[in-house]
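> Dropping in final.txt, with compact mmCIF, C-alpha atoms.
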```txt
# COMPACT_ATOMS: atom_id res chain seq x y z
CA MET A 229 -49.52 42.03 5.59
CA ASN A 230 -52.08 44.75 4.82
CA THR A 231 -50.27 48.01 5.63
CA SER A 232 -53.59 49.72 6.31
CA GLN A 233 -53.87 47.60 9.43
CA LEU A 234 -50.49 48.53 10.89
CA ILE A 235 -50.52 49.73 14.50
CA THR A 236 -50.38 53.54 14.70
CA ASP A 237 -52.29 54.51 17.83
CA PRO A 238 -49.72 55.46 20.54
CA ARG A 239 -52.00 54.00 23.20
CA ARG A 240 -52.07 50.63 21.47
CA VAL A 241 -48.27 50.76 21.05
CA ALA A 242 -47.92 51.40 24.79
CA ARG A 243 -50.37 48.58 25.55
CA LEU A 244 -48.48 46.21 23.25
CA PHE A 245 -45.11 46.73 24.93
CA GLY A 246 -46.65 46.82 28.38
CA THR A 247 -48.25 43.43 27.73
CA LEU A 248 -44.96 42.01 26.47
CA GLN A 249 -43.02 43.40 29.43
CA SER A 250 -45.51 41.91 31.90
CA ASN A 251 -45.36 38.44 30.37
CA VAL A 252 -41.71 37.93 29.39
CA CYS A 253 -40.03 35.29 31.56
CA THR A 254 -36.76 37.14 32.24
CA GLU A 255 -35.37 34.20 34.23
CA GLU A 256 -35.03 32.28 30.95
CA ILE A 257 -33.13 35.00 29.05
CA PRO A 258 -29.32 34.43 28.96
CA ASP A 259 -27.28 37.35 30.25
CA ALA A 260 -25.20 37.19 27.04
CA THR A 261 -28.36 37.88 25.04
CA ALA A 262 -29.22 40.87 27.20
CA GLU A 263 -25.68 42.23 26.81
CA TRP A 264 -25.88 41.88 23.01
CA VAL A 265 -29.12 43.88 23.05
CA PHE A 266 -27.48 46.59 25.18
CA GLN A 267 -24.55 46.81 22.77
CA HIS A 268 -26.64 46.60 19.55
CA PRO A 269 -29.97 48.34 20.27
CA VAL A 270 -30.80 49.19 16.65
CA GLU A 271 -30.14 45.66 15.35
CA ALA A 272 -32.00 44.14 18.29
CA GLY A 273 -34.95 46.37 17.51
CA ARG A 274 -34.96 45.22 13.89
CA GLU A 275 -34.85 41.56 14.92
CA PHE A 276 -37.69 42.08 17.41
CA THR A 277 -39.73 43.86 14.75
CA LEU A 278 -39.29 40.85 12.43
CA PHE A 279 -40.53 38.62 15.28
CA LEU A 280 -43.67 40.73 15.68
CA LYS A 281 -44.23 40.90 11.90
CA ASN A 282 -44.16 37.09 11.92
CA GLY A 283 -47.23 37.13 14.16
CA ALA A 284 -45.15 37.05 17.38
CA ARG A 285 -44.22 33.46 16.59
CA VAL A 286 -40.87 31.69 16.49
CA PHE A 287 -40.12 28.74 14.26
CA ILE A 288 -40.60 25.35 15.89
CA GLY A 289 -38.59 22.55 14.36
CA GLU A 290 -37.06 22.95 10.91
CA PRO A 291 -38.07 26.33 9.44
CA LYS A 292 -38.89 26.67 5.76
CA THR A 293 -39.00 30.24 4.47
CA ILE A 294 -37.31 32.81 6.69
CA PRO A 295 -37.24 36.62 6.41
CA ILE A 296 -33.98 38.42 5.60
CA ASP A 297 -33.73 41.95 6.96
CA ARG A 298 -32.36 44.24 4.23
CA THR A 299 -33.12 47.57 5.90
CA THR A 300 -29.45 48.13 6.69
CA PRO A 301 -26.53 46.89 4.52
CA PHE A 302 -24.06 44.46 6.09
CA ASN A 303 -21.25 46.33 7.87
CA PRO A 304 -18.08 44.19 8.14
CA ALA A 305 -16.38 46.60 10.56
CA GLU A 306 -19.32 46.35 12.94
CA PHE A 307 -19.78 42.59 12.63
CA ILE A 308 -16.11 41.50 12.54
CA GLY A 309 -13.95 44.43 13.62
CA ALA A 310 -12.28 47.68 12.64
CA GLY A 311 -10.61 47.76 9.25
CA TRP A 312 -12.85 45.13 7.64
CA THR A 313 -14.68 46.12 4.44
CA ILE A 314 -16.38 44.50 1.47
CA TRP A 315 -13.89 43.82 -1.33
CA LYS A 316 -14.14 46.28 -4.23
CA GLY A 317 -12.88 45.79 -7.76
CA PRO A 318 -10.99 42.86 -9.32
CA ALA A 319 -9.40 40.11 -7.26
CA GLU A 320 -5.92 41.20 -8.35
CA GLY A 321 -6.53 44.79 -7.22
CA ASN A 322 -6.22 46.37 -3.79
CA GLY A 323 -9.86 45.79 -2.89
CA LEU A 324 -10.52 49.47 -2.25
CA GLU A 325 -11.77 50.73 -5.62
CA GLY A 326 -14.58 49.61 -7.89
CA GLU A 327 -17.78 47.64 -7.50
CA GLU A 328 -18.34 45.57 -4.36
CA GLU A 329 -17.78 41.86 -4.96
CA GLN A 330 -21.16 40.45 -4.00
CA ASP A 331 -23.75 38.15 -5.58
CA ALA A 332 -26.43 40.67 -6.63
CA ARG A 333 -29.07 37.93 -6.77
CA SER A 334 -28.46 37.12 -3.12
CA LEU A 335 -28.62 40.80 -2.15
CA ALA A 336 -32.09 40.93 -3.72
CA LEU A 337 -33.42 38.16 -1.47
CA THR A 338 -35.76 39.27 1.32
CA THR A 339 -36.87 35.71 2.11
CA LEU A 340 -34.97 32.44 1.93
CA ASP A 341 -36.31 28.90 1.67
CA VAL A 342 -33.77 27.01 3.78
CA THR A 343 -35.18 23.63 2.73
CA ARG A 344 -33.80 24.31 -0.77
CA LEU A 345 -30.29 25.19 0.38
CA ARG A 346 -27.56 22.76 -0.55
CA LEU A 347 -23.86 22.47 0.18
CA GLU A 348 -21.52 22.71 -2.80
CA THR A 349 -17.78 21.89 -2.71
CA THR A 350 -17.14 22.38 -6.49
CA LEU A 351 -14.60 19.55 -6.25
CA LYS A 352 -14.19 17.55 -9.46
CA GLY A 353 -13.18 13.94 -10.06
CA GLU A 354 -10.47 12.87 -7.64
CA GLU A 355 -9.76 16.34 -6.29
CA THR A 356 -9.47 16.40 -2.50
CA SER A 357 -9.07 20.18 -2.14
CA ILE A 358 -9.14 23.36 -4.14
CA VAL A 359 -7.76 26.88 -3.68
CA GLY A 360 -10.47 29.29 -2.58
CA GLU A 361 -10.11 31.64 -5.54
CA GLU A 362 -10.66 28.75 -7.97
CA LYS A 363 -13.60 27.53 -5.91
CA LEU A 364 -15.13 31.01 -6.12
CA LYS A 365 -14.71 31.07 -9.92
CA ARG A 366 -16.47 27.72 -10.21
CA LEU A 367 -19.31 28.90 -7.99
CA GLN A 368 -19.72 32.04 -10.11
CA LYS A 369 -20.17 29.90 -13.22
CA MET A 370 -23.08 28.01 -11.62
CA THR A 371 -26.68 29.19 -11.72
CA ASP A 372 -27.00 28.78 -7.95
CA ILE A 373 -27.11 31.85 -5.71
CA ARG A 374 -24.20 32.24 -3.29
CA LEU A 375 -25.42 33.43 0.11
CA ASP A 376 -24.14 36.93 0.88
CA ALA A 377 -22.84 38.29 4.18
CA GLY A 378 -26.12 40.11 4.80
CA ILE A 379 -27.80 36.73 5.29
CA PHE A 380 -25.05 35.58 7.64
CA PRO A 381 -26.17 37.69 10.66
CA THR A 382 -29.73 36.40 10.28
CA PHE A 383 -28.47 32.88 10.80
CA TRP A 384 -26.02 33.84 13.52
CA ARG A 385 -28.46 35.81 15.66
CA ASN A 386 -31.25 33.29 15.08
CA GLN A 387 -29.33 30.04 15.24
CA HIS A 388 -32.51 27.96 15.37
CA LEU A 389 -32.95 28.95 11.70
CA ILE A 390 -29.76 27.16 10.61
CA PRO A 391 -30.76 23.87 8.93
CA GLU A 392 -30.20 20.94 11.29
CA ARG A 393 -28.49 19.02 8.49
CA PHE A 394 -25.66 21.58 8.46
CA LYS A 395 -24.48 20.05 11.75
CA ALA A 396 -23.62 16.77 10.02
CA GLN A 397 -19.95 15.93 9.63
CA SER A 398 -18.25 15.52 6.25
CA ASN A 399 -16.01 12.46 5.98
CA GLY A 400 -15.95 12.30 9.77
CA ASN A 401 -14.81 15.91 10.13
CA THR A 402 -16.52 19.14 11.17
CA THR A 403 -18.36 20.79 8.27
CA TYR A 404 -17.48 24.44 7.70
CA VAL A 405 -20.31 26.15 5.81
CA PHE A 406 -19.19 29.14 3.74
CA CYS A 407 -21.18 32.15 2.52
CA ASP A 408 -19.32 33.15 -0.64
CA GLY A 409 -21.83 35.71 -1.91
CA THR A 410 -19.73 38.47 -0.33
CA VAL A 411 -15.94 38.69 -0.52
CA LEU A 412 -14.46 40.63 2.38
CA ARG A 413 -11.26 42.64 2.64
CA SER A 414 -9.31 42.13 5.86
CA PRO A 415 -7.36 44.99 7.48
CA ASP A 416 -4.15 43.64 5.93
CA GLY A 417 -5.67 43.46 2.44
CA GLY A 418 -6.55 39.76 2.31
CA ARG A 419 -9.59 38.37 0.47
CA CYS A 420 -11.77 36.42 2.89
CA VAL A 421 -15.20 34.82 3.21
CA LEU A 422 -17.33 34.08 6.27
CA PHE A 423 -18.24 30.61 7.49
CA PHE A 424 -20.04 28.98 10.41
CA PHE A 425 -19.82 25.49 11.87
CA TRP A 426 -21.33 23.27 14.54
CA TYR A 427 -18.81 22.32 17.21
CA GLY A 428 -20.23 19.06 18.48
CA ALA A 429 -18.12 18.82 21.64
CA ALA A 430 -19.42 22.17 22.88
CA ARG A 431 -22.82 21.69 21.25
CA LYS A 432 -22.87 25.21 19.84
CA TRP A 433 -22.39 27.14 16.62
CA HIS A 434 -19.25 29.13 15.89
CA TRP A 435 -18.29 31.48 13.06
CA SER A 436 -15.08 32.79 11.58
CA TYR A 437 -13.53 33.83 8.25
CA TYR A 438 -10.99 32.23 5.93
CA ARG A 439 -8.71 33.53 3.20
CA LEU A 440 -9.55 32.65 -0.38
CA GLY A 441 -5.86 31.95 -0.90
CA GLY A 442 -6.18 28.88 1.35
CA HIS A 443 -7.33 25.38 0.48
CA PHE A 444 -10.93 24.18 0.73
CA ASP A 445 -11.72 20.48 0.94
CA ALA A 446 -14.80 18.26 1.16
CA ASN A 447 -15.71 19.55 4.62
CA SER A 448 -15.56 23.19 3.47
CA PRO A 449 -18.67 23.52 1.26
CA SER A 450 -20.57 26.67 0.34
CA ALA A 451 -24.24 27.20 1.08
CA VAL A 452 -26.07 27.93 -2.18
CA SER A 453 -29.70 28.38 -3.16
CA PRO A 454 -31.33 27.55 -6.50
CA GLN A 455 -31.95 30.60 -8.64
CA VAL A 456 -35.43 31.96 -8.02
CA SER A 457 -37.73 31.75 -11.02
CA PRO A 458 -39.10 35.09 -12.24
```
Have the structure of the file written as structure tokens, please.


Amino acid sequence: MNTSQLITDPRRVARLFGTLQSNVCTEEIPDATAEWVFQHPVEAGREFTLFLKNGARVFIGEPKTIPIDRTTPFNPAEFIGAGWTIWKGPAEGNGLEGEEEQDARSLALTTLDVTRLRLETTLKGEETSIVGEEKLKRLQKMTDIRLDAGIFPTFWRNQHLIPERFKAQSNGNTTYVFCDGTVLRSPDGGRCVLFFFWYGAARKWHWSYYRLGGHFDANSPSAVSPQVSP
């Protein structure tokens, strides 16, 4: 977008929002969505700004390249709950000191081509499961980018952006898609990663977190993106 053409006239700003207010079909807006906006006005404003920057268009069907809002770093305490932080320092430490454990390449992404995402289990040969810490080490040795927690809210608050293929079951079981680009520290000091999944019976997406000390099997893959060429 040419920044010289950005809207600056207060009268045009007022006209813009007046036009939107007059034409929004409020009867089709879920009360839960309205409540989320009330509780998260700043984030809602950012999401709405992204909508307007996209030409006031939503994606129809399978999206390709989507914008990732990096204006505010991911806040685990706000997204999950009090006491949650991003893990700092080595895995064997206390998680409170040192560099944040995140995939720097993922943090640099401001757009994401979801058609190029793939699901990686890191399982080898006849392995049926793997401990999360070992899975993370294998992922770190790959050239693929592990999606960080800052991308997670974009998917969660815009669920139509989640690739339809992520709903598919793995070996007849629900597929739990992990975002391992950010390791989180739980209030009790555990190392965890976020994941989301499609619950077919309820026909809706859910999210949660899981400890890296647990076991990950074929239906617990990680979402990764090919490394972007310079």

> Segment 403-410 of chain A: which residues within 7 Å, counting only C-alpha atoms, same-chain residues fewer than 3 positions away excluded, as a list in words?

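My list of contacting residues is Glu329, Gln330, Asp331, Ser334, Arg374, Leu375, Asp376, Ala377, Ala396, Gln397, Ser398, Val421, Leu422, Phe423, Phe424, Phe425, Asn447, Ser448, Pro449, Ser450 and Ala451 of chain A.
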
> Can you measure atom CA of Arg346 of chain A to atom CA of His388 of chain A for me? One decimal in Å is fine.

17.5 Å

> Find, counting all atoms listed in the file, the residue in A:Gly317, A:Pro295, A:Gly378, A:Pro238 that gets nearest to Ala332 of chain A.

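Counting all atoms listed in the file, the residue closest to Ala332 of chain A is A:Gly378.
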
> What's the 10 Å shell around Leu367 of chain A, counting all atoms listed in the file, without same-chain residues fewer than 3 positions away, as a ChimeraX atom specification?

/A:348-350,361-364,370-374,408-409,450,452

> Ranking A:Ala242, A:Gln233, A:Gly442, A:Arg333 by minimum distance to Gln368 of chain A and counting only C-alpha atoms, which one comes first?

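Nearest candidate to Gln368 of chain A out of A:Ala242, A:Gln233, A:Gly442, A:Arg333: A:Arg333.
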
> Which protein, DNA or RNA residues are at most 12 Å from (-18.5, 26.8, 16.5) in the file's coordinates when you count all atoms listed in the file, listed as a list in words?

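Those residues lying close to the given coordinates are Trp384, Gln387, Phe394, Lys395, Thr402, Thr403, Tyr404, Val405, Phe423, Phe424, Phe425, Trp426, Tyr427, Gly428, Ala429, Ala430, Arg431, Lys432, Trp433, His434, Trp435, Ser436 and Tyr437 of chain A.
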
> Between A:Leu412, A:Leu345, A:Val270, A:Leu280, single out the one closest to Leu248 of chain A, counting all atoms listed in the file.

A:Leu280

> Do you have the atom CA of Pro304 of chain A-atom CA of Ser414 of chain A distance handy?

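That distance, rounded to one decimal, is 9.3 Å.
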
> Return the single residue from A:Phe302, A:Trp312, A:Phe444, A:Phe279 that is closest to Gly360 of chain A, with distances computed using all atoms listed in the file.

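Smallest separation from Gly360 of chain A among the options: A:Phe444.
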
> If I take atom CA of Arg243 of chain A and atom CA of Glu275 of chain A, how far is one from the other in Å, to one decimal?

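Those two atoms sit 20.1 Å apart.
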
> Rank A:Ala284, A:Ala272, A:Ile294, A:Ile235 by their smallest atom-to-atom distance to Arg344 of chain A, using all atoms listed in the file, and report the top residue only.

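Under the stated criterion, the closest residue is A:Ile294.
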
> Would you please work out which residue, of A:Gly441, A:Gly309, A:Gly400, A:Pro391, is nearest to Val359 of chain A when using only C-alpha atoms?

A:Gly441

> Edge lengths and centre, in Å to one decimal, as JSON: that's what I need for the box along x, y and z that holds all listed atoms of segment 325-333 of chain A plus 6 Å on each side.


```
{"center_x": -20.4, "center_y": 44.3, "center_z": -5.9, "size_x": 29.3, "size_y": 24.8, "size_z": 15.9}
```
